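A.B. asks: Dropping in target-v8.txt, with compact mmCIF, C-alpha atoms.
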```
# COMPACT_ATOMS: atom_id res chain seq x y z
CA MET A 1 29.37 3.27 1.32
CA ARG A 2 29.14 -0.47 0.92
CA TRP A 3 26.32 -2.92 0.13
CA SER A 4 25.94 -6.27 1.88
CA LEU A 5 23.53 -9.00 0.84
CA TYR A 6 21.80 -11.53 3.09
CA PRO A 7 19.05 -14.11 2.58
CA ALA A 8 15.73 -12.40 3.30
CA THR A 9 15.01 -15.29 5.66
CA GLU A 10 17.36 -13.42 8.05
CA PHE A 11 15.17 -10.30 7.97
CA ALA A 12 14.21 -10.59 11.66
CA ARG A 13 17.87 -10.08 12.61
CA PHE A 14 17.80 -6.65 10.94
CA ALA A 15 14.26 -5.66 11.97
CA THR A 16 15.34 -3.06 14.56
CA ALA A 17 17.79 -1.36 12.20
CA TRP A 18 15.19 -1.49 9.41
CA ASP A 19 12.60 0.24 11.63
CA GLN A 20 15.11 2.85 12.75
CA THR A 21 15.86 3.65 9.11
CA ASN A 22 12.15 3.77 8.28
CA ALA A 23 11.63 6.20 11.18
CA ALA A 24 14.37 8.40 9.73
CA CYS A 25 12.55 8.37 6.37
CA ARG A 26 8.82 9.09 6.15
CA GLU A 27 7.94 6.36 8.69
CA LEU A 28 5.33 4.71 6.51
CA PRO A 29 3.50 2.07 8.57
CA PHE A 30 3.50 -0.63 5.89
CA LEU A 31 7.29 -0.37 5.65
CA ARG A 32 7.69 -1.41 9.27
CA ALA A 33 9.09 -4.83 10.06
CA ALA A 34 5.74 -5.74 11.63
CA PHE A 35 4.23 -5.60 8.13
CA LEU A 36 7.10 -7.03 6.10
CA GLU A 37 7.95 -10.10 8.20
CA PRO A 38 4.53 -11.79 7.84
CA LEU A 39 4.42 -10.60 4.21
CA LEU A 40 7.68 -12.40 3.45
CA HIS A 41 6.48 -15.48 5.30
CA GLU A 42 3.26 -15.79 3.27
CA PHE A 43 4.22 -14.37 -0.12
CA GLY A 44 7.98 -14.68 -0.38
CA THR A 45 9.56 -17.53 -2.34
CA GLY A 46 12.48 -17.90 0.07
CA ASP A 47 14.92 -16.72 -2.60
CA GLU A 48 14.62 -12.99 -1.88
CA LEU A 49 17.67 -11.02 -0.76
CA LEU A 50 17.99 -8.36 1.92
CA ALA A 51 20.32 -5.60 0.71
CA VAL A 52 21.89 -3.33 3.33
CA CYS A 53 23.94 -0.23 2.51
CA GLU A 54 26.08 1.22 5.28
CA ALA A 55 28.17 4.34 5.59
CA GLY A 56 30.52 3.82 8.50
CA HIS A 57 28.41 2.03 11.08
CA THR A 58 25.07 3.55 10.01
CA ALA A 59 22.59 1.89 7.67
CA ILE A 60 21.56 4.41 5.03
CA ALA A 61 19.54 2.15 2.74
CA PHE A 62 17.67 -1.15 2.85
CA GLY A 63 15.93 -3.15 0.17
CA LEU A 64 14.24 -6.50 -0.25
CA LEU A 65 15.06 -7.77 -3.76
CA ALA A 66 13.86 -10.64 -5.92
CA LYS A 67 15.34 -12.00 -9.14
CA LYS A 68 12.79 -11.69 -11.94
CA ARG A 69 14.72 -13.23 -14.83
CA HIS A 70 18.32 -13.64 -15.95
CA GLY A 71 20.19 -10.42 -15.20
CA THR A 72 17.12 -8.60 -13.81
CA TRP A 73 16.31 -7.82 -10.18
CA GLU A 74 13.38 -5.91 -8.69
CA THR A 75 12.23 -4.89 -5.25
CA PHE A 76 9.94 -7.32 -3.42
CA GLN A 77 6.47 -6.15 -4.44
CA PRO A 78 3.49 -8.40 -3.66
CA SER A 79 0.10 -6.79 -4.23
CA GLN A 80 -0.52 -6.38 -0.48
CA LEU A 81 2.40 -3.90 -0.24
CA PRO A 82 1.48 -0.36 -1.44
CA LEU A 83 5.11 0.70 -2.07
CA ALA A 84 8.28 -1.30 -2.62
CA ALA A 85 10.25 -2.67 0.32
CA TRP A 86 12.93 0.01 -0.11
CA LEU A 87 14.30 2.61 2.32
CA LEU A 88 16.77 5.43 1.70
CA ARG A 89 17.71 8.06 4.26
CA SER A 90 17.41 11.64 3.06
CA GLY A 91 20.61 13.34 2.01
CA HIS A 92 21.89 10.34 0.08
CA ASP A 93 21.87 10.22 -3.71
CA ILE A 94 20.22 7.16 -5.22
CA ASP A 95 22.27 7.75 -8.39
CA MET A 96 25.35 6.86 -6.35
CA LEU A 97 23.83 3.83 -4.63
CA LEU A 98 22.29 1.94 -7.54
CA PRO A 99 25.48 1.38 -9.56
CA ALA A 100 27.16 -0.11 -6.48
CA LEU A 101 24.10 -2.27 -5.77
CA LEU A 102 24.05 -3.56 -9.35
CA GLU A 103 27.70 -4.58 -9.06
CA ARG A 104 27.01 -6.38 -5.80
CA LEU A 105 24.01 -8.42 -7.00
CA PRO A 106 24.81 -12.00 -8.02
CA GLY A 107 24.81 -13.32 -11.55
CA PHE A 108 26.19 -10.28 -13.40
CA ALA A 109 23.05 -8.17 -13.03
CA LEU A 110 22.11 -5.95 -15.96
CA HIS A 111 19.11 -4.18 -14.49
CA VAL A 112 17.61 -3.38 -11.09
CA GLY A 113 14.11 -1.99 -10.69
CA ILE A 114 12.88 -0.03 -7.67
CA THR A 115 9.12 -0.32 -8.02
CA GLN A 116 6.21 1.81 -6.80
CA GLN A 117 7.94 4.79 -5.21
CA ASP A 118 6.30 7.79 -3.57
CA PRO A 119 7.75 11.23 -4.43
CA LEU A 120 6.92 12.32 -0.86
CA ALA A 121 9.15 9.57 0.54
CA LEU A 122 11.84 9.53 -2.19
CA GLU A 123 12.29 12.47 -4.53
CA ARG A 124 11.96 11.36 -8.12
CA PRO A 125 15.42 11.34 -9.73
CA VAL A 126 16.06 12.98 -13.07
CA ASP A 127 16.44 10.63 -16.04
CA ARG A 128 19.98 10.21 -17.29
CA PRO A 129 21.94 7.63 -19.30
CA GLY A 130 21.35 4.29 -17.60
CA LEU A 131 18.63 5.56 -15.26
CA ARG A 132 14.97 5.93 -16.18
CA THR A 133 11.83 6.61 -14.17
CA LEU A 134 8.36 5.59 -15.22
CA ASP A 135 4.94 6.76 -14.04
CA TYR A 136 3.09 4.06 -12.11
CA VAL A 137 -0.34 5.30 -10.94
CA GLN A 138 -1.92 8.40 -9.47
CA THR A 139 -2.98 8.15 -5.84
CA ALA A 140 -4.94 10.34 -3.44
CA TRP A 141 -4.80 11.43 0.19
CA VAL A 142 -6.68 13.58 2.70
CA ASP A 143 -4.95 16.13 4.92
CA ILE A 144 -6.55 16.27 8.37
CA GLU A 145 -6.62 20.01 9.03
CA GLY A 146 -9.25 22.13 10.77
CA THR A 147 -12.66 20.74 11.66
CA PHE A 148 -14.67 18.04 9.96
CA ASP A 149 -17.43 20.55 9.18
CA ASP A 150 -14.89 22.73 7.35
CA TYR A 151 -13.66 19.72 5.41
CA TRP A 152 -17.15 18.44 4.64
CA SER A 153 -18.24 21.83 3.31
CA THR A 154 -15.54 21.55 0.61
CA ARG A 155 -16.86 18.22 -0.68
CA GLY A 156 -19.06 18.09 -3.74
CA LYS A 157 -22.75 18.90 -3.49
CA ASN A 158 -23.69 15.52 -4.94
CA LEU A 159 -21.77 13.58 -2.25
CA ARG A 160 -23.20 15.65 0.58
CA ALA A 161 -26.74 15.42 -0.76
CA ASN A 162 -26.38 11.67 -1.37
CA MET A 163 -25.17 10.99 2.17
CA ARG A 164 -27.95 13.16 3.60
CA LYS A 165 -30.65 11.37 1.59
CA GLN A 166 -29.33 7.91 2.51
CA ARG A 167 -29.24 8.72 6.21
CA ALA A 168 -32.76 10.15 6.02
CA LYS A 169 -33.98 7.00 4.26
CA LEU A 170 -32.36 4.76 6.89
CA ALA A 171 -33.93 6.82 9.68
CA SER A 172 -37.38 6.68 8.06
CA ASP A 173 -37.02 2.90 7.75
CA GLY A 174 -36.13 2.67 11.42
CA VAL A 175 -32.59 1.43 10.72
CA SER A 176 -29.98 2.66 13.19
CA THR A 177 -26.36 3.11 12.07
CA CYS A 178 -23.24 2.70 14.17
CA LEU A 179 -19.49 3.12 13.57
CA GLU A 180 -17.30 0.89 15.73
CA VAL A 181 -13.53 1.32 15.96
CA VAL A 182 -11.75 -1.92 16.80
CA THR A 183 -8.39 -1.38 18.53
CA SER A 184 -7.98 -4.47 20.74
CA PRO A 185 -5.65 -7.24 19.50
CA ASN A 186 -8.16 -9.77 20.87
CA GLU A 187 -10.79 -8.58 18.39
CA VAL A 188 -8.68 -8.87 15.24
CA SER A 189 -9.65 -12.44 14.40
CA THR A 190 -13.37 -11.73 14.84
CA ALA A 191 -13.23 -8.56 12.74
CA LEU A 192 -11.30 -10.37 9.99
CA ALA A 193 -13.84 -13.19 9.99
CA GLU A 194 -16.58 -10.59 9.50
CA TYR A 195 -14.51 -8.98 6.76
CA GLY A 196 -14.12 -12.34 5.04
CA VAL A 197 -17.87 -12.99 5.14
CA LEU A 198 -18.60 -9.67 3.42
CA GLU A 199 -15.79 -10.07 0.88
CA SER A 200 -16.67 -13.67 0.04
CA CYS A 201 -20.14 -12.54 -1.05
CA GLY A 202 -18.68 -10.03 -3.51
CA TRP A 203 -16.73 -10.06 -6.77
CA LYS A 204 -13.38 -10.84 -5.09
CA ALA A 205 -14.59 -14.31 -4.15
CA ALA A 206 -14.72 -15.32 -7.81
CA GLY A 207 -11.15 -14.14 -8.33
CA GLY A 208 -9.81 -16.04 -5.32
CA THR A 209 -8.47 -12.90 -3.63
CA ALA A 210 -10.95 -12.73 -0.76
CA ILE A 211 -9.65 -12.98 2.81
CA HIS A 212 -10.25 -16.35 4.46
CA PRO A 213 -8.74 -17.67 7.72
CA ASP A 214 -7.21 -20.62 5.89
CA ASN A 215 -5.64 -18.84 2.90
CA ALA A 216 -2.44 -16.82 2.62
CA GLN A 217 -4.38 -13.55 2.53
CA GLY A 218 -6.15 -14.32 5.78
CA ARG A 219 -3.02 -15.59 7.57
CA PHE A 220 -1.03 -12.52 6.51
CA TYR A 221 -3.60 -9.94 7.54
CA ARG A 222 -4.23 -11.60 10.88
CA ALA A 223 -0.52 -11.91 11.76
CA MET A 224 0.26 -8.40 10.55
CA LEU A 225 -2.72 -6.67 12.19
CA GLU A 226 -2.15 -8.44 15.51
CA ARG A 227 1.40 -7.05 15.52
CA PHE A 228 0.22 -3.53 14.77
CA PHE A 229 -2.63 -3.70 17.27
CA ALA A 230 -0.21 -4.90 19.96
CA GLN A 231 1.78 -1.70 19.34
CA GLY A 232 -1.32 0.51 19.34
CA LEU A 233 -0.89 1.18 15.61
CA GLY A 234 -3.88 -0.61 14.11
CA ARG A 235 -7.57 0.09 13.83
CA ILE A 236 -10.49 -1.53 12.05
CA TYR A 237 -13.55 0.54 11.24
CA ARG A 238 -16.72 -1.52 11.33
CA TYR A 239 -20.05 -0.03 10.21
CA LYS A 240 -23.43 -1.49 11.13
CA PHE A 241 -27.02 -1.18 10.05
CA GLY A 242 -28.69 -2.20 13.29
CA ASP A 243 -26.85 -5.38 14.36
CA LYS A 244 -25.66 -6.22 10.84
CA VAL A 245 -22.09 -5.43 9.75
CA VAL A 246 -22.28 -3.79 6.31
CA ALA A 247 -18.79 -2.31 5.75
CA ILE A 248 -15.25 -2.68 7.14
CA ASP A 249 -11.96 -0.80 6.68
CA LEU A 250 -8.62 -2.39 7.64
CA CYS A 251 -6.14 0.33 8.64
CA ILE A 252 -2.69 0.77 10.11
CA GLU A 253 -0.95 3.95 11.25
CA GLY A 254 2.44 5.43 11.98
CA GLY A 255 4.16 8.80 11.89
CA GLY A 256 0.81 10.59 11.97
CA THR A 257 -0.39 8.79 8.83
CA LEU A 258 -3.33 6.40 8.64
CA VAL A 259 -3.29 4.02 5.66
CA ILE A 260 -6.52 2.37 4.52
CA LEU A 261 -5.29 -1.03 3.36
CA LYS A 262 -8.52 -2.78 2.40
CA THR A 263 -12.24 -2.03 2.28
CA THR A 264 -15.21 -4.30 1.86
CA TYR A 265 -18.96 -3.81 2.08
CA ASP A 266 -22.24 -5.63 1.63
CA GLU A 267 -22.76 -5.54 -2.14
CA SER A 268 -26.37 -6.71 -1.79
CA LEU A 269 -27.39 -3.29 -0.39
CA THR A 270 -27.93 -1.68 -3.78
CA THR A 271 -30.12 1.11 -2.35
CA PHE A 272 -27.36 2.35 -0.05
CA SER A 273 -23.61 3.00 -0.15
CA PRO A 274 -22.41 1.45 3.13
CA ALA A 275 -18.71 2.09 2.41
CA LEU A 276 -19.35 5.79 1.78
CA LEU A 277 -21.49 6.10 4.89
CA MET A 278 -18.78 4.39 6.93
CA ARG A 279 -16.07 6.65 5.52
CA GLN A 280 -17.99 9.80 6.33
CA ALA A 281 -18.42 8.66 9.93
CA ALA A 282 -14.80 7.48 10.16
CA PHE A 283 -13.41 10.73 8.78
CA LYS A 284 -15.47 12.70 11.29
CA SER A 285 -14.01 10.63 14.14
CA ILE A 286 -10.48 11.17 12.76
CA PHE A 287 -10.94 14.93 12.48
CA ASP A 288 -12.44 15.09 15.97
CA ALA A 289 -9.56 13.08 17.54
CA SER A 290 -6.80 15.13 15.83
CA ASP A 291 -4.20 12.38 16.35
CA ILE A 292 -3.92 11.60 12.62
CA LYS A 293 -2.59 14.26 10.26
CA ARG A 294 -2.99 12.44 6.96
CA VAL A 295 -5.12 9.63 5.54
CA GLU A 296 -3.58 7.77 2.60
CA PHE A 297 -5.48 5.58 0.11
CA TYR A 298 -2.30 4.36 -1.68
CA GLY A 299 -4.24 2.70 -4.45
CA ARG A 300 -4.82 3.51 -8.08
CA LEU A 301 -6.88 6.70 -8.26
CA MET A 302 -10.58 5.88 -8.60
CA ASP A 303 -13.58 8.12 -9.17
CA TRP A 304 -14.75 7.60 -5.61
CA HIS A 305 -11.40 8.87 -4.28
CA THR A 306 -12.03 12.26 -5.88
CA ARG A 307 -15.28 12.55 -3.91
CA TRP A 308 -13.22 12.73 -0.74
CA THR A 309 -10.22 14.79 -1.83
CA SER A 310 -8.63 16.82 -4.61
CA ASN A 311 -5.11 15.88 -3.47
CA ILE A 312 -3.47 13.73 -6.15
CA ARG A 313 0.13 12.73 -6.86
CA THR A 314 1.87 10.23 -9.14
CA LEU A 315 3.78 7.20 -7.89
CA TYR A 316 6.65 6.00 -10.06
CA HIS A 317 9.18 3.24 -10.81
CA ILE A 318 12.98 3.57 -11.04
CA ASN A 319 14.99 1.46 -13.50
CA TYR A 320 18.77 1.39 -13.44
CA TYR A 321 20.79 -0.36 -16.17
CA ARG A 322 24.40 -1.48 -16.32
CA TRP A 323 24.96 0.15 -19.73
CA PRO A 324 23.39 3.40 -21.02
CA TRP A 325 22.06 1.76 -24.20
CA LEU A 326 20.11 -0.95 -22.36
CA PRO A 327 17.01 1.23 -21.65
CA SER A 328 16.37 1.56 -25.38
CA VAL A 329 16.60 -2.22 -25.82
CA HIS A 330 14.35 -2.71 -22.78
CA GLN A 331 11.66 -0.41 -24.20
CA LEU A 332 11.88 -2.11 -27.62
CA LEU A 333 11.36 -5.55 -26.06
CA TYR A 334 8.33 -4.31 -24.12
CA ARG A 335 6.81 -2.90 -27.31
CA ILE A 336 7.43 -6.16 -29.15
CA ALA A 337 5.94 -8.16 -26.26
CA GLY A 338 2.89 -5.86 -26.22
CA LYS A 339 2.29 -6.33 -29.93
CA ALA A 340 2.70 -10.09 -29.63
CA GLN A 341 -0.11 -10.18 -27.05
CA GLN A 342 -2.52 -8.31 -29.31
CA PRO A 343 -4.93 -10.51 -31.33
CA ARG A 344 -3.86 -10.93 -34.94
CA PRO A 345 -6.25 -9.50 -37.55
CA GLU A 346 -8.15 -12.12 -39.46
CA ALA A 347 -6.87 -12.77 -42.95
CA SER A 348 -9.08 -11.19 -45.58
```
Represent the supplied structure as C-alpha cells.
C.D. replies:
Amino acid sequence: MRWSLYPATEFARFATAWDQTNAACRELPFLRAAFLEPLLHEFGTGDELLAVCEAGHTAIAFGLLAKKRHGTWETFQPSQLPLAAWLLRSGHDIDMLLPALLERLPGFALHVGITQQDPLALERPVDRPGLRTLDYVQTAWVDIEGTFDDYWSTRGKNLRANMRKQRAKLASDGVSTCLEVVTSPNEVSTALAEYGVLESCGWKAAGGTAIHPDNAQGRFYRAMLERFFAQGLGRIYRYKFGDKVVAIDLCIEGGGTLVILKTTYDESLTTFSPALLMRQAAFKSIFDASDIKRVEFYGRLMDWHTRWTSNIRTLYHINYYRWPWLPSVHQLLYRIAGKAQQPRPEAS
C-alpha cells in the first residue's frame, strides 16, 4: 500500500476513480464527485490535498485534507458536507493506513484528524496508543419498510393528532395543500430562488447563511443540484398552501438512500407547521414509490427528528498521532483553551 498526494485542484482527474471507490463503500450521495467538485470550488482555499492510497493498481482509500495548523491536518469538512471527504474500502484496516498517511504528509505532521465519520460506513476503530476516537453528534434516519400506514401508526399520538388537526383547520379555511416533487434540471434555479425567498425571511438571514443566487451557498447548491438532477439523483420537495410555497426540502439520493440536505419553511405561519406537513406528505410518497430504502437526516439530533423515527446512532471523529503520548497533551491543551474562553469571575 502506498499513499500519493496531489493538489485538490486536480480532483476532476480522479473523479471516476473516486466515484468507483465510493460505490464500493456505502455509496453515500454527498461523497460523489458531483457534490465535492462544486464544494471545493466554492469553499476550498486552494491549498487542500487529495490523498490517494493504492494497493497494486486499485485505489483503496481517498481523502481530501487541509492543514489546520503547524503539524496538524484534518479532512476537508465545510458545513455543507455531512461527513468528511474520506473513503475507505471495506476489508482494509485504518490502523495500518493512518501511520503511512502521516509519514507522507508534508511538514513533519504530528496529527491527522478524520472528522465526522459514520459507523455504518466505517466501523469505529478501537482506541489504542496514538489513536483516539471521539463522539461527534447523534443522528437519525428512517428505514422505508412496509407501507406508510404501518409506519404512520408507529408515530406518536401527539404528532398524528397535530397533523390531523392542522389539515382539518386548513380544509375548513378553504386552503388547499399540494406536494410537488421537482426532478427536472431546468427547474433547479427556480426552486432554489423560492428556497432563498423563504430562508431570507427567517433567522438564517441574520446569520448570513441563507441561500442567495449571488453568494457561495447559492452557487454551490445550484451547481451541485444541477449535476445530481442531470443524473436522475436529485429531488426537491415543494409544499404549497394554495399557490403559495410554504416549505421546501433539498434532497439528493444514491445507493437507495435519500439525504435531506436542507429544509426551509415560512416562519410567519405560526398557526401551522408547514415543514411537518410537507414531510408527512413526502414520506408517504417515498413509501408508496418503494425506490428509496432509507432516509437520512445527517444532522445533529433534534427533538423534531424523534417525532419521525426512533433510529439513532452516533457519528464520531478519528484522531491519529505520531507519538502515543501526544493525545494526552492534545486533551490538556483543549482543556486549557476551554478554560481560557470562560469569563473570569469578578474580583471580590
A.B. asks: Which of these, A:Ala161, A:Leu64, A:Leu225, A:Leu83, has the shortest distance to Tyr136 (chain A) once you count all atoms listed in the file?
C.D. replies: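 Among A:Ala161, A:Leu64, A:Leu225, A:Leu83, it is A:Leu83 that comes nearest to Tyr136 (chain A).
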A.B. asks: Between CA of Tyr6 (chain A) and CA of Thr58 (chain A), measure the distance and give it in Å to one decimal.
C.D. replies: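 Separation of CA of Tyr6 (chain A) and CA of Thr58 (chain A): 16.9 Å.
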A.B. asks: Considering all atoms listed in the file, state which residue in the set A:Lys262, A:Lys240, A:Arg69, A:Arg222 is at the smallest distance from Pro82 (chain A).
C.D. replies: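 The answer is A:Lys262, which sits nearest to Pro82 (chain A).
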A.B. asks: For CA of Ala171 (chain A) and CA of Asp149 (chain A), determine how far apart the two atoms are, in Å to one decimal place.
C.D. replies: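 About the pair CA of Ala171 (chain A) and CA of Asp149 (chain A): they are 21.5 Å apart.
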A.B. asks: Which residue, A:Ala140, A:Leu81, A:Leu88, A:Ile312, has the smallest gap to Glu123 (chain A) when you use all atoms listed in the file?
C.D. replies: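 Checking each candidate against Glu123 (chain A), we get A:Leu88 as the closest.
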A.B. asks: Of the candidates A:Leu277, A:Ala282, A:Ile144, A:Leu134, which shows the shortest atom-to-atom distance to Thr314 (chain A), using all atoms listed in the file?
C.D. replies: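 Going through A:Leu277, A:Ala282, A:Ile144, A:Leu134 one by one, the smallest distance to Thr314 (chain A) is for A:Leu134.
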A.B. asks: Which distance in Å separates CA of Glu74 (chain A) and CA of Leu110 (chain A), to one decimal?
C.D. replies: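 So the two atoms, CA of Glu74 (chain A) and CA of Leu110 (chain A), lie 11.4 Å apart.
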A.B. asks: Compile the contact shell of Phe14 (chain A) as a list in words: residues with an atom at most 12 Å away, counting only C-alpha atoms, same-chain residues fewer than 6 positions apart removed.
C.D. replies: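 Here the answer would be Leu5, Tyr6, Pro7, Ala8, Gln20, Thr21, Arg32, Ala33, Leu36, Glu37, Leu50, Ala51, Val52, Ala59, Phe62, Gly63 and Leu64 of chain A.
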A.B. asks: Here is a test: counting only C-alpha atoms, which residue of A:Arg238, A:His317, A:Arg26, A:Lys284 is nearest to Trp152 (chain A)?
C.D. replies: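 Closest to Trp152 (chain A), using only C-alpha atoms: A:Lys284.
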A.B. asks: Between A:Asp93, A:Gly254, A:Gln231, A:Arg279, which residue has the minimum interatomic distance to Asn22 (chain A), considering all atoms listed in the file?
C.D. replies: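 Smallest distance to Asn22 (chain A) is found for A:Gly254.
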A.B. asks: If we count all atoms listed in the file and set the cut-off at 10 Å, which residues sit around Thr9 (chain A), ignoring sequence neighbours fewer than 5 positions away in its own chain? Please answer as a VMD selection string.
C.D. replies: chain A and resid 37 40 to 41 44 to 50
A.B. asks: Within 8 Å of (-7.0, 15.3, 3.8) (file coordinates; only C-alpha atoms), which protein or nucleic acid residues are there? I'd like them as an NGL selection string.
C.D. replies: :A and (141-145 or 293-295 or 309 or 311)
A.B. asks: Find the axis-aligned box for region 163-178 of chain A, covering all its listed atoms and adding 3 Å on each side, and write its centre and edge lengths in Å to one decimal as JSON.
C.D. replies:
```
{"center_x": -30.3, "center_y": 7.3, "center_z": 7.9, "size_x": 20.1, "size_y": 17.7, "size_z": 18.6}
```
A.B. asks: With all atoms listed in the file as the counted atoms, please give the residues lying no more than 12 Å from Ser285 (chain A), apart from itself and same-chain residues fewer than 2 positions off, as a list in words.
C.D. replies: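 Within the cut-off, the hits are Ile144, Thr147, Phe148, Asp149, Leu179, Glu180, Val181, Tyr237, Met278, Arg279, Gln280, Ala281, Ala282, Phe283, Phe287, Asp288, Ala289, Ser290, Asp291 and Ile292 of chain A.
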